[in-house]
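Contents: one structure, followed by commentary.
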Amino acid sequence: MSSAAPLPPMAPGALPLVGHSLAYRGDPLSFLLSLAARGPLVGMRLGPIDAYLLREPDDIERVLVTEHRRFWKDRMTRGLGRVLGDGLLTSEGDIWLRHRRLLAPAFHRERIAAYGNDMALAAERFALSLQPREVRDLHRDMMRLTLNIVAKALFDSDVDDRAADVARAINFVTDRFGDGLITLYPWVERLPLPDHRRLRDAIATLDDVLLGIVRERRARPRGGSDLLSMLLAAEDDAGRGLSDREMRDELMTLFLAGHETTALALSFAFVLLGRNPDIEARLCAEIDAVLGQDLPTTDTLARLPYARAVVLETLRLYPPAYAIGREAIEDLTLCGYRIPRGTQLWMAQYVNHRDARYFPEPERFLPDRWLGGLERALPRFAYYPFGGGPRICIGNQFSLLEATIVLATILRRFRVRLLDSSPLALDPLITLRPRGPIVVAYEPAPPPERELLRPAVSPS
Ligand code: HEM
């Protein structure tokens with residue numbers, strides 16, 4: 001590293017002790033956009049942590065791909081280890097590699113194709129359970145649906161009876177960790193406050209459900225090809241399998257990483273469609289023309305290009321993982337600046353996905369932009385809802401399939417009507433969440449579609 005290179009600049013306005021924490025917490029997304037407007041690498045001070053936002057796609061590629069060995073996950077992500085243990089998202093080095101290799105077969109293309117049917121059946125069951133025009137919280141509905149899908153597809157387990165407990169516990173855990181306080185100051189959790197007792201209870205609830213699934217399966221092996229069966233059968237070269245604790249960490253990671261993100265993508269997609277009736281009408285016409293009376297399958301998706309474009313455009317505007325982070329584990333130079341070991345680097349999908357150089361009229365919801373080969377034309381890290389490099393989301397194909405199948409299945413029967421016309425308020429915690437419920441009514445789809453459709457499953 002050139003010791004003559006300067007340190008990267010810090011945004012103005014840092015206050016003593018708290019730095020930019022108040023401004024950041026007031027409106028994190030605008031704050032990140034304002035950092036990017038200042039330059040390719042600009043810092044903010046969040047209490048005891050200095051973090052630098054990296055803006056240019058090529059620099060992001062260096063960190064995530066070409067020079068990934070010089071980084072590990074940032075401090076905020078590592079803080080999630082309190083809940084996720086040594087699961088894939090938070091582990092590093094040999095543990096991460098061993099587990100990634102063990103889990104990878106469950107996410108191979110052929111395996112994922114087989115999950116398509118379960119996804120469509122779960123969505124159909126959900127649609128059939130709806131009372132027309134009943135007022136509901138869309139986000140809560142999608143959370144429950146995707147939790148059931150991930151549990152069924154990956155663990156061949158039904159959590160429907162405990163879904164509400166699990167969802168509540170997950171919400172609580174992500175809220176507490178998402179505000180960053182416990183991550184920045186881990187000792188805070190030891191303070192005898194009611195919230196911290198609730199946090200421990202929430203983690204205990206999740207442990208209970210997950211260890212219950214593992215124990216039940218160890219007691220009654222099914223020899224299936226779901227992820228849990230694979231993990232139970234997996235052994236390394238020394239003939240060592242995964243302990244209950246390691247299994248718990250991976251299941252917890254997949255539960256957390258694998259259901260909330262897709263639930264958010266679906267919630268945002270329905271909100272955007274509700275606000276753009278022309279786009280919704282075009283999507284429904286495609287679904288009608290291609291599916292007729294049938295449920296979508298992995299094979300029919302190739303014939304739903306507009307549905308895929310709607311999903312990609314939703315993930316552009318509202319990326320559920322709106323920012324990811326890394327810590328430099330050695331001194332280096334980036335964008336001409338000196339990056340000492342220990343520096344926290346952030347990359348924000350929310351910011352990159354709004355770059356007008358790559359996405360003209362960036363704030364508009366325009367699925368059409370994806371129909372002419374844009375994906376191939378963009379620099380690799382202009383659009384990266386699933387990250388990239390060796391730590392790319394293991395569930396990316398799974399969730400694209402899931403989001404498209406669920407959208408198509410629900411739209412065969414219903415249109416989602418938004419009952420609140422105020423702008424969507426966002427709460428960027430660990431993921432980009434809506435602030436409060438998304439109040440909707442499910443309107444039956446207009447005939448003739450409705451009359452043509454026979455239930456493929458009975459409602460739950
Ligand atoms: C729209 C849905 C999803 C989004 C936006 C998303 C986003 C991401 C991103 C950005 C990362 C990389 C984090 C980093 O580099 O620091 C990641 C990692 C991960 N995701 Fe996803 N994800 C989604 C769905 C899923 C699903 C469905 C699963 C599992 C069923 C899953 C499991 C994981 C796991 C285990 C990792 C860690 C991978 C590793 O480090 O080896 N995700 N996800």
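FYI, nothing fancy with the structure tokens labels: chains A, B, ... in order, residues from 1 per chain, ligands from 1 as they appear.
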Point to revise | Protein and nucleic residues near ligand 1, 8 Å, only C-alpha atoms and all ligand atoms, as a PyMOL selection string | key: chain A and resi 64+73+77+87-91+96-97+100+150+154+250+253-265+315+319-326+384-400+402-403
Exercise for review: Within 9 Å of Ala425 of chain A, counting only C-alpha atoms, which residues show up once you throw out same-chain ones fewer than 2 positions away? Write them as a PyMOL selection string, please.
Suggested key: chain A and resi 422-423+427+433-436
Point to revise | All strand (DSSP E) residues (DSSP, backbone) inside segment 33-132 of chain A, as a VMD selection string | key: chain A and resid 41 to 46 49 to 54 71 to 73
With N, CA, C and O atoms retained, write the just-selected residues as a JSON list (two decimals), in the first residue's frame.
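part.json, freshly written:
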```json
[["chain", "number", "residue", "atom", "x", "y", "z"],
["A", 41, "LEU", "N", -15.91, 7.01, -2.73],
["A", 41, "LEU", "CA", -15.66, 6.34, -1.45],
["A", 41, "LEU", "C", -15.72, 7.40, -0.35],
["A", 41, "LEU", "O", -14.77, 8.18, -0.20],
["A", 42, "VAL", "N", -16.84, 7.45, 0.37],
["A", 42, "VAL", "CA", -17.03, 8.50, 1.37],
["A", 42, "VAL", "C", -17.49, 7.86, 2.68],
["A", 42, "VAL", "O", -18.29, 6.92, 2.66],
["A", 43, "GLY", "N", -16.97, 8.37, 3.77],
["A", 43, "GLY", "CA", -17.22, 7.72, 5.06],
["A", 43, "GLY", "C", -18.32, 8.35, 5.89],
["A", 43, "GLY", "O", -18.71, 9.51, 5.69],
["A", 44, "MET", "N", -18.80, 7.56, 6.82],
["A", 44, "MET", "CA", -19.73, 8.07, 7.85],
["A", 44, "MET", "C", -19.28, 7.47, 9.17],
["A", 44, "MET", "O", -18.66, 6.40, 9.21],
["A", 45, "ARG", "N", -19.60, 8.17, 10.23],
["A", 45, "ARG", "CA", -19.19, 7.73, 11.56],
["A", 45, "ARG", "C", -20.45, 7.30, 12.31],
["A", 45, "ARG", "O", -21.32, 8.13, 12.57],
["A", 46, "LEU", "N", -20.58, 6.00, 12.57],
["A", 46, "LEU", "CA", -21.76, 5.50, 13.27],
["A", 46, "LEU", "C", -21.33, 5.10, 14.67],
["A", 46, "LEU", "O", -20.84, 3.98, 14.87],
["A", 49, "ILE", "N", -18.02, 3.20, 15.08],
["A", 49, "ILE", "CA", -17.59, 2.60, 13.81],
["A", 49, "ILE", "C", -17.53, 3.64, 12.69],
["A", 49, "ILE", "O", -18.47, 4.41, 12.51],
["A", 50, "ASP", "N", -16.42, 3.64, 11.95],
["A", 50, "ASP", "CA", -16.36, 4.41, 10.70],
["A", 50, "ASP", "C", -16.63, 3.44, 9.56],
["A", 50, "ASP", "O", -15.99, 2.39, 9.48],
["A", 51, "ALA", "N", -17.59, 3.76, 8.72],
["A", 51, "ALA", "CA", -17.89, 2.89, 7.57],
["A", 51, "ALA", "C", -17.83, 3.75, 6.31],
["A", 51, "ALA", "O", -18.24, 4.91, 6.33],
["A", 52, "TYR", "N", -17.33, 3.15, 5.22],
["A", 52, "TYR", "CA", -17.15, 3.90, 3.97],
["A", 52, "TYR", "C", -18.01, 3.27, 2.89],
["A", 52, "TYR", "O", -17.99, 2.05, 2.69],
["A", 53, "LEU", "N", -18.77, 4.12, 2.19],
["A", 53, "LEU", "CA", -19.64, 3.61, 1.13],
["A", 53, "LEU", "C", -18.89, 3.62, -0.20],
["A", 53, "LEU", "O", -18.39, 4.67, -0.64],
["A", 54, "LEU", "N", -18.85, 2.46, -0.84],
["A", 54, "LEU", "CA", -18.18, 2.31, -2.13],
["A", 54, "LEU", "C", -19.23, 2.44, -3.22],
["A", 54, "LEU", "O", -20.25, 1.74, -3.16],
["A", 71, "PHE", "N", -10.83, -9.55, 2.34],
["A", 71, "PHE", "CA", -11.95, -9.04, 3.15],
["A", 71, "PHE", "C", -12.68, -10.18, 3.84],
["A", 71, "PHE", "O", -12.64, -11.31, 3.37],
["A", 72, "TRP", "N", -13.32, -9.87, 4.94],
["A", 72, "TRP", "CA", -14.36, -10.75, 5.45],
["A", 72, "TRP", "C", -15.58, -9.91, 5.73],
["A", 72, "TRP", "O", -15.61, -8.71, 5.42],
["A", 73, "LYS", "N", -16.63, -10.55, 6.30],
["A", 73, "LYS", "CA", -17.87, -9.80, 6.51],
["A", 73, "LYS", "C", -17.63, -8.65, 7.49],
["A", 73, "LYS", "O", -16.75, -8.72, 8.36]]
```
Skip segment 109-112 of chain A itself and residues of its chain fewer than 6 positions away, then list as a PDB file with N, CA, C and O atoms, in the first residue's frame all residues within 9 Å of it, counting only C-alpha atoms.
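What follows is the written file out-v3.pdb:
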```pdb
ATOM      1  N   ALA A 153     -39.917 -26.796   1.327  1.00  0.00           N
ATOM      2  CA  ALA A 153     -38.964 -27.137   0.262  1.00  0.00           C
ATOM      3  C   ALA A 153     -37.640 -27.635   0.843  1.00  0.00           C
ATOM      4  O   ALA A 153     -37.093 -28.623   0.374  1.00  0.00           O
ATOM      5  N   SER A 225     -34.771 -36.167  -0.526  1.00  0.00           N
ATOM      6  CA  SER A 225     -33.690 -35.398  -1.141  1.00  0.00           C
ATOM      7  C   SER A 225     -33.779 -33.926  -0.740  1.00  0.00           C
ATOM      8  O   SER A 225     -33.209 -33.080  -1.390  1.00  0.00           O
ATOM      9  N   ASP A 226     -34.554 -33.612   0.303  1.00  0.00           N
ATOM     10  CA  ASP A 226     -34.608 -32.222   0.745  1.00  0.00           C
ATOM     11  C   ASP A 226     -33.291 -31.856   1.448  1.00  0.00           C
ATOM     12  O   ASP A 226     -32.496 -32.740   1.801  1.00  0.00           O
ATOM     13  N   THR A 298     -41.932 -24.750 -12.895  1.00  0.00           N
ATOM     14  CA  THR A 298     -40.607 -24.258 -13.246  1.00  0.00           C
ATOM     15  C   THR A 298     -40.491 -24.138 -14.767  1.00  0.00           C
ATOM     16  O   THR A 298     -39.893 -23.194 -15.283  1.00  0.00           O
ATOM     17  N   GLN A 397     -31.466 -18.407  -7.116  1.00  0.00           N
ATOM     18  CA  GLN A 397     -32.357 -19.033  -8.107  1.00  0.00           C
ATOM     19  C   GLN A 397     -33.658 -19.470  -7.441  1.00  0.00           C
ATOM     20  O   GLN A 397     -34.740 -19.344  -7.999  1.00  0.00           O
ATOM     21  N   PHE A 398     -33.516 -19.970  -6.224  1.00  0.00           N
ATOM     22  CA  PHE A 398     -34.681 -20.397  -5.454  1.00  0.00           C
ATOM     23  C   PHE A 398     -35.662 -19.239  -5.311  1.00  0.00           C
ATOM     24  O   PHE A 398     -36.849 -19.371  -5.554  1.00  0.00           O
ATOM     25  N   LEU A 401     -37.349 -18.028  -8.587  1.00  0.00           N
ATOM     26  CA  LEU A 401     -38.398 -18.979  -8.953  1.00  0.00           C
ATOM     27  C   LEU A 401     -39.621 -18.785  -8.050  1.00  0.00           C
ATOM     28  O   LEU A 401     -40.755 -18.680  -8.515  1.00  0.00           O
TER      29      LEU A 401
END
```
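Between atom CA of Leu103 of chain A and atom CA of Phe155 of chain A the separation is 12.3 Å.
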